[in-house]
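S.K.: This is the content of data13.tsv (TSV, C-alpha atoms):
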```tsv
chain	number	residue	atom	x	y	z
X	33	MET	CA	4.01	168.52	94.97
X	34	ALA	CA	6.27	171.55	94.59
X	35	PHE	CA	5.90	174.68	96.71
X	36	LYS	CA	7.77	177.80	95.67
X	37	PHE	CA	8.95	180.26	98.26
X	38	LYS	CA	10.82	183.48	97.56
X	39	GLN	CA	14.26	182.00	98.22
X	40	PHE	CA	13.74	178.28	97.67
X	41	ARG	CA	11.31	175.58	96.61
X	42	VAL	CA	10.38	172.30	98.23
X	43	GLU	CA	9.09	168.99	96.95
X	44	ASP	CA	7.10	166.90	99.41
X	45	GLY	CA	5.99	163.99	97.20
X	46	ARG	CA	7.70	161.35	99.36
X	47	CYS	CA	6.60	162.82	102.70
X	48	ALA	CA	3.69	161.30	104.59
X	49	MET	CA	2.72	164.76	105.87
X	50	LYS	CA	2.78	167.55	103.33
X	51	VAL	CA	3.86	171.18	103.53
X	52	GLY	CA	1.22	173.06	105.51
X	53	THR	CA	0.36	176.23	107.34
X	54	ASP	CA	1.77	174.87	110.62
X	55	ALA	CA	5.30	174.55	109.26
X	56	VAL	CA	5.29	177.96	107.59
X	57	LEU	CA	3.87	179.61	110.70
X	58	LEU	CA	6.60	178.10	112.84
X	59	GLY	CA	9.36	179.00	110.38
X	60	ALA	CA	8.15	182.61	110.19
X	61	TRP	CA	7.33	183.05	113.90
X	62	ALA	CA	10.38	181.46	115.56
X	63	PRO	CA	13.14	183.91	116.50
X	64	GLY	CA	15.94	184.31	113.99
X	65	GLY	CA	19.08	186.40	113.74
X	66	GLU	CA	22.83	186.24	113.41
X	67	HIS	CA	23.29	185.17	117.05
X	68	VAL	CA	21.93	181.69	116.23
X	69	ARG	CA	24.96	179.56	115.43
X	70	ALA	CA	23.69	175.99	116.04
X	71	LEU	CA	20.13	175.14	115.03
X	72	LEU	CA	18.28	171.82	115.23
X	73	ASP	CA	15.06	171.01	113.37
X	74	ALA	CA	13.60	167.96	115.15
X	75	GLY	CA	11.35	165.98	112.82
X	76	ALA	CA	12.29	167.96	109.73
X	77	GLY	CA	9.99	166.29	107.19
X	78	CYS	CA	10.72	167.69	103.74
X	79	GLY	CA	12.83	170.47	105.29
X	80	VAL	CA	10.61	173.53	104.93
X	81	VAL	CA	11.17	174.75	108.52
X	82	ALA	CA	14.93	174.11	108.33
X	83	LEU	CA	15.10	176.07	105.06
X	84	LEU	CA	13.05	178.98	106.39
X	85	MET	CA	15.26	179.16	109.47
X	86	ALA	CA	18.48	178.89	107.45
X	87	GLY	CA	17.41	181.98	105.55
X	88	ARG	CA	16.52	183.84	108.74
X	89	CYS	CA	19.66	182.77	110.67
X	90	PRO	CA	22.52	183.54	108.28
X	91	GLN	CA	25.27	182.30	110.63
X	92	ALA	CA	23.55	179.09	111.69
X	93	ARG	CA	24.71	175.54	111.12
X	94	VAL	CA	21.42	173.70	110.72
X	95	ALA	CA	20.86	170.02	111.53
X	96	ALA	CA	17.63	168.68	110.01
X	97	VAL	CA	16.84	165.34	111.67
X	98	GLU	CA	14.09	163.14	110.20
X	99	LEU	CA	13.24	159.53	111.05
X	100	ASP	CA	11.33	158.54	107.90
X	101	PRO	CA	13.76	157.63	105.07
X	102	ALA	CA	11.44	158.82	102.28
X	103	ALA	CA	10.86	162.20	103.93
X	104	ALA	CA	14.60	162.50	104.57
X	105	GLU	CA	15.24	161.96	100.85
X	106	ASP	CA	12.86	164.84	100.04
X	107	CYS	CA	14.66	166.93	102.65
X	108	ARG	CA	18.10	166.17	101.18
X	109	ALA	CA	16.96	167.04	97.68
X	110	ASN	CA	15.34	170.28	98.83
X	111	VAL	CA	18.41	171.30	100.83
X	112	ALA	CA	20.75	170.49	97.93
X	113	ALA	CA	18.72	172.75	95.63
X	114	SER	CA	18.62	175.63	98.15
X	115	PRO	CA	21.01	178.58	98.64
X	116	TRP	CA	22.09	177.13	102.03
X	117	ALA	CA	23.18	173.61	101.12
X	118	ASN	CA	26.60	174.22	102.70
X	119	ARG	CA	25.03	175.06	106.08
X	120	ILE	CA	22.33	172.39	106.40
X	121	SER	CA	23.01	168.74	107.19
X	122	VAL	CA	20.25	166.15	106.93
X	123	GLU	CA	20.32	163.19	109.32
X	124	CYS	CA	17.96	160.24	108.87
X	125	GLN	CA	17.55	158.90	112.39
X	126	ASP	CA	15.44	158.98	115.54
X	127	VAL	CA	16.05	162.45	116.93
X	128	THR	CA	15.84	161.09	120.49
X	129	ALA	CA	19.07	159.19	119.74
X	130	TYR	CA	20.70	162.15	118.00
X	131	GLN	CA	23.64	163.86	119.65
X	132	PRO	CA	24.50	167.37	118.42
X	133	ALA	CA	28.14	168.32	118.10
X	134	GLU	CA	27.59	171.44	120.20
X	135	PRO	CA	24.91	173.02	122.40
X	136	VAL	CA	21.93	174.19	120.37
X	137	ASP	CA	21.05	177.88	120.21
X	138	LEU	CA	17.64	177.26	118.64
X	139	LEU	CA	15.60	174.06	118.53
X	140	VAL	CA	12.55	174.15	116.25
X	141	SER	CA	9.95	171.44	115.79
X	142	ASN	CA	6.57	170.87	114.19
X	143	PRO	CA	5.93	167.59	116.03
X	144	PRO	CA	3.01	165.21	115.60
X	145	PHE	CA	0.37	165.90	118.21
X	146	PHE	CA	-2.70	163.85	117.24
X	147	THR	CA	-3.50	161.40	120.06
X	148	GLU	CA	-6.86	159.96	119.00
X	149	THR	CA	-7.29	156.18	118.93
X	150	LEU	CA	-8.22	156.17	115.23
X	151	ARG	CA	-5.16	156.26	113.03
X	152	ALA	CA	-4.67	157.15	109.40
X	153	PRO	CA	-4.83	153.96	107.32
X	154	ASP	CA	-1.38	154.50	105.84
X	155	GLN	CA	1.24	153.50	108.43
X	156	ARG	CA	3.72	156.23	107.50
X	157	ARG	CA	1.04	158.93	107.55
X	158	ALA	CA	-0.21	157.62	110.89
X	159	ALA	CA	3.28	157.83	112.38
X	160	ALA	CA	3.72	161.34	111.00
X	161	ARG	CA	0.38	162.53	112.41
X	162	HIS	CA	0.57	160.89	115.84
X	163	GLY	CA	3.12	161.34	118.60
X	164	ASP	CA	4.45	157.77	118.58
X	165	VAL	CA	8.12	158.73	118.26
X	166	LEU	CA	8.25	162.51	118.45
X	167	SER	CA	5.72	164.48	120.50
X	168	PRO	CA	5.60	167.97	122.06
X	169	LEU	CA	6.73	166.44	125.36
X	170	THR	CA	9.63	164.70	123.61
X	171	VAL	CA	10.63	168.03	122.06
X	172	ILE	CA	10.76	169.54	125.55
X	173	ASP	CA	13.00	166.66	126.64
X	174	LEU	CA	15.28	167.41	123.69
X	175	GLY	CA	15.41	171.07	124.68
X	176	ALA	CA	16.38	170.17	128.23
X	177	ARG	CA	19.21	168.00	126.85
X	178	PHE	CA	20.51	170.09	123.98
X	179	LEU	CA	19.88	173.82	124.52
X	180	SER	CA	22.74	176.16	125.32
X	181	ASP	CA	22.38	178.37	128.40
X	182	ASP	CA	20.73	181.08	126.31
X	183	GLY	CA	19.18	178.69	123.79
X	184	LEU	CA	15.53	178.74	122.80
X	185	LEU	CA	12.96	176.12	121.84
X	186	ALA	CA	10.20	177.01	119.37
X	187	MET	CA	7.41	174.60	118.40
X	188	ILE	CA	3.80	174.48	117.25
X	189	THR	CA	1.17	172.23	118.86
X	190	ASP	CA	-2.56	171.78	119.16
X	191	CYS	CA	-4.38	173.49	122.04
X	192	ARG	CA	-5.56	170.43	123.92
X	193	SER	CA	-2.10	169.59	125.22
X	194	ARG	CA	-1.43	173.04	126.76
X	195	ASP	CA	-1.59	171.95	130.41
X	196	ASP	CA	0.53	168.84	129.80
X	197	ILE	CA	3.14	170.94	128.00
X	198	LEU	CA	3.31	173.52	130.77
X	199	PHE	CA	3.64	170.80	133.41
X	200	HIS	CA	6.31	168.90	131.48
X	201	ALA	CA	8.28	172.08	130.78
X	202	ALA	CA	8.32	172.87	134.50
X	203	LEU	CA	9.61	169.36	135.24
X	204	ARG	CA	12.41	169.85	132.70
X	205	GLN	CA	13.21	173.35	134.00
X	206	LEU	CA	12.30	175.10	130.76
X	207	ASN	CA	10.39	178.35	131.06
X	208	PRO	CA	7.66	179.42	128.62
X	209	LEU	CA	8.56	182.88	127.32
X	210	ARG	CA	5.89	183.38	124.67
X	211	ILE	CA	2.68	181.58	123.71
X	212	THR	CA	0.78	182.67	120.60
X	213	ALA	CA	-2.73	181.26	120.18
X	214	VAL	CA	-3.56	180.84	116.48
X	215	SER	CA	-7.13	180.80	115.16
X	216	SER	CA	-8.24	180.06	111.62
X	217	ARG	CA	-10.48	183.15	111.58
X	218	ALA	CA	-11.08	186.18	113.80
X	219	GLY	CA	-13.63	185.36	116.48
X	220	LYS	CA	-13.03	181.59	116.35
X	221	PRO	CA	-11.32	179.66	119.15
X	222	PRO	CA	-7.62	178.89	118.62
X	223	PHE	CA	-6.61	175.60	117.03
X	224	ARG	CA	-2.81	175.89	117.35
X	225	LEU	CA	-0.32	177.21	119.91
X	226	LEU	CA	3.12	178.56	119.07
X	227	TRP	CA	5.56	178.10	121.95
X	228	LEU	CA	8.86	179.75	122.82
X	229	MET	CA	10.80	178.38	125.80
X	230	GLY	CA	14.23	178.79	127.32
X	231	ARG	CA	16.31	177.88	130.34
X	232	HIS	CA	16.30	181.47	131.56
X	233	SER	CA	13.27	182.97	133.25
X	234	GLY	CA	11.42	185.99	131.99
X	235	PRO	CA	7.94	187.44	131.73
X	236	LEU	CA	5.54	185.24	129.77
X	237	VAL	CA	4.13	187.03	126.73
X	238	THR	CA	0.76	185.73	125.49
X	239	ASP	CA	-0.80	186.96	122.27
X	240	THR	CA	-3.16	185.85	119.51
X	241	LEU	CA	-2.99	185.52	115.75
X	242	ALA	CA	-5.95	185.06	113.41
X	243	ILE	CA	-5.06	183.70	109.98
X	244	ARG	CA	-8.14	185.23	108.35
X	245	THR	CA	-10.43	188.12	109.16
X	246	ALA	CA	-14.16	187.66	109.76
X	247	ASP	CA	-14.80	188.31	106.04
X	248	ASN	CA	-12.29	185.58	105.03
X	249	ALA	CA	-9.46	187.87	103.90
X	250	TRP	CA	-5.93	187.27	105.11
X	251	SER	CA	-5.46	189.13	108.37
X	252	PRO	CA	-2.85	191.92	108.25
X	253	GLU	CA	-0.93	190.25	111.09
X	254	TYR	CA	-0.75	186.90	109.31
X	255	ALA	CA	0.16	188.51	105.98
X	256	ASP	CA	2.91	190.55	107.65
X	257	LEU	CA	4.29	187.39	109.26
X	258	VAL	CA	4.41	185.06	106.24
X	259	SER	CA	4.45	187.29	103.14
X	260	PRO	CA	8.26	187.81	103.32
X	261	TYR	CA	8.61	184.09	102.54
X	262	TYR	CA	5.72	183.08	100.26
X	263	LEU	CA	6.25	183.72	96.57
X	264	ARG	CA	2.54	184.44	96.55
X	265	MET	CA	-0.05	184.11	99.29
X	266	PRO	CA	-1.88	180.79	98.91
X	267	GLY	CA	-5.49	180.76	97.77
X	268	THR	CA	-8.48	179.75	99.84
X	269	ASN	CA	-8.35	176.11	98.69
X	270	ASP	CA	-4.65	175.91	99.55
X	271	ASN	CA	-5.35	177.27	103.00
X	272	LYS	CA	-8.05	174.66	103.61
X	273	ARG	CA	-5.55	171.96	102.80
X	274	THR	CA	-2.85	173.31	105.08
X	275	THR	CA	-4.97	173.81	108.18
X	276	GLU	CA	-6.37	170.28	108.26
```
Could you express the structure from this file as structure tokens?
M.R.:
Amino acid sequence: MAFKFKQFRVEDGRCAMKVGTDAVLLGAWAPGGEHVRALLDAGAGCGVVALLMAGRCPQARVAAVELDPAAAEDCRANVAASPWANRISVECQDVTAYQPAEPVDLLVSNPPFFTETLRAPDQRRAAARHGDVLSPLTVIDLGARFLSDDGLLAMITDCRSRDDILFHAALRQLNPLRITAVSSRAGKPPFRLLWLMGRHSGPLVTDTLAIRTADNAWSPEYADLVSPYYLRMPGTNDNKRTTE
């Protein structure tokens, strides 16, 4: 299926996990800017996060690393059709075996984080949904290995793993700098956490983001965050798909 953004479009027909709200949230929320020179997208899927970040980090050399060959093919095609094909490389391999050419200024990841015993019947979809190869804790390990002294790690996870993530980050000497709790609607408990970590210490900022208001309209905060990138804001049915 094709998704059109303001600066690019993506096809995700070969990906086990499709373009969703999580990826767009991460790509819009993560810090950008010209100071980012080396950027790694761990578990890139069809490349939507890598493409969003390439647009927001105009000086960055972006490495999009994806284990699944079919998803990597989607990613290559999407990168080749984008305005930033000369700055994004796509690597089809296990990111835990990947070795960047230089320290990473920004590591972004939308890792699998489902840990239930029941698995999706399709093996590729199951691997994409569950943390068998890449998990939030693995992303922290990658950050500890790859980040530059001032580098940052940005990822999105579920809420159940919060304590494990905080404990593992402390073990790997990465400091949480910002945690945004995301709810599907104002007044509902959060279902996702956006994380920003770095080697340097600093005050932890915690905030909240509701995707929709109590009357089911897009919240102003969510619209302000993602509307610079969407060609049009998705409809209600689209949103139901992306938050599952």
S.K.: Skipping near chain neighbours, those fewer than 3 positions away, what residues fall within 7 Å of range 165-180 of chain X using all atoms listed in the file, listed as a list in words?
M.R.: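 Residues meeting the cut-off are Pro135, Val136, Asp137, Leu139, Pro143, Pro144, Phe145, Gly183, Leu184, Leu185, Thr189, Ile197, His200, Ala201, Arg204 and Leu206 of chain X.
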S.K.: May I have a table of the residues of range 177-230 of chain X lying at most 10 Å from range 46-64 of chain X, giving each one's closest pair of atoms and their distance in Å to one decimal, counting only C-alpha atoms, ordered by chain and ascending residue number, as CSV?
M.R.:
```
residue,atom,partner,partner_atom,distance
X:Leu184,CA,X:Pro63,CA,8.5
X:Leu185,CA,X:Ala62,CA,8.6
X:Ala186,CA,X:Ala62,CA,5.9
X:Met187,CA,X:Leu58,CA,6.6
X:Ile188,CA,X:Leu58,CA,6.4
X:Thr189,CA,X:Asp54,CA,8.7
X:Thr212,CA,X:Trp61,CA,9.4
X:Val214,CA,X:Leu57,CA,9.5
X:Arg224,CA,X:Asp54,CA,8.2
X:Leu225,CA,X:Asp54,CA,9.8
X:Leu226,CA,X:Leu58,CA,7.2
X:Trp227,CA,X:Ala62,CA,8.7
X:Leu228,CA,X:Ala62,CA,7.6
```
S.K.: Do a neighbour search on Cys89 in chain X at 12 Å with only C-alpha atoms, toss out local chain neighbours closer than 2 positions, and write the hits as a list in words.
M.R.: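 Residues near the query, excluding close chain neighbours: Gly59, Ala60, Ala62, Pro63, Gly64, Gly65, Glu66, His67, Val68, Arg69, Ala70, Leu71, Leu72, Val81, Ala82, Leu83, Leu84, Met85, Ala86, Gly87, Gln91, Ala92, Arg93, Val94, Trp116, Arg119, Ile120, Asp137 and Leu138 of chain X.
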S.K.: Quick one: pull the distance between CA of Arg194 in chain X and CA of Val97 in chain X, Å, one decimal.
M.R.: 24.9 Å
S.K.: Using CA of Gly219 in chain X and CA of Arg244 in chain X as the two end points, give the distance in Å to one decimal.
M.R.: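 The value is 9.8 Å.
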S.K.: Could you add N, CA, C and O atoms to range 209-220 of chain X and give me the result as a compact mmCIF listing (two decimals), in the coordinates of the input?
M.R.:
```txt
# COMPACT_ATOMS: atom_id res chain seq x y z
N LEU X 209 8.30 181.45 127.47
CA LEU X 209 8.56 182.88 127.32
C LEU X 209 7.51 183.57 126.46
O LEU X 209 7.23 184.75 126.65
N ARG X 210 6.94 182.83 125.51
CA ARG X 210 5.89 183.38 124.67
C ARG X 210 4.97 182.25 124.21
O ARG X 210 5.45 181.17 123.87
N ILE X 211 3.68 182.51 124.24
CA ILE X 211 2.68 181.58 123.71
C ILE X 211 1.74 182.38 122.82
O ILE X 211 1.08 183.32 123.28
N THR X 212 1.69 182.02 121.55
CA THR X 212 0.78 182.67 120.60
C THR X 212 -0.32 181.69 120.24
O THR X 212 -0.05 180.60 119.74
N ALA X 213 -1.56 182.09 120.51
CA ALA X 213 -2.73 181.26 120.18
C ALA X 213 -3.20 181.62 118.78
O ALA X 213 -3.51 182.78 118.49
N VAL X 214 -3.25 180.63 117.90
CA VAL X 214 -3.56 180.84 116.48
C VAL X 214 -4.98 180.34 116.19
O VAL X 214 -5.31 179.19 116.50
N SER X 215 -5.79 181.19 115.60
CA SER X 215 -7.13 180.80 115.16
C SER X 215 -7.22 180.87 113.65
O SER X 215 -6.49 181.64 113.00
N SER X 216 -8.10 180.06 113.07
CA SER X 216 -8.24 180.06 111.62
C SER X 216 -8.91 181.33 111.12
O SER X 216 -8.67 181.76 110.00
N ARG X 217 -9.76 181.94 111.96
CA ARG X 217 -10.48 183.15 111.58
C ARG X 217 -10.77 183.98 112.82
O ARG X 217 -10.94 183.44 113.90
N ALA X 218 -10.79 185.29 112.68
CA ALA X 218 -11.08 186.18 113.80
C ALA X 218 -12.41 185.80 114.44
O ALA X 218 -13.40 185.57 113.75
N GLY X 219 -12.43 185.71 115.76
CA GLY X 219 -13.63 185.36 116.48
C GLY X 219 -13.78 183.88 116.76
O GLY X 219 -14.63 183.49 117.57
N LYS X 220 -12.97 183.03 116.11
CA LYS X 220 -13.03 181.59 116.35
C LYS X 220 -12.03 181.20 117.43
O LYS X 220 -11.01 181.88 117.62
```
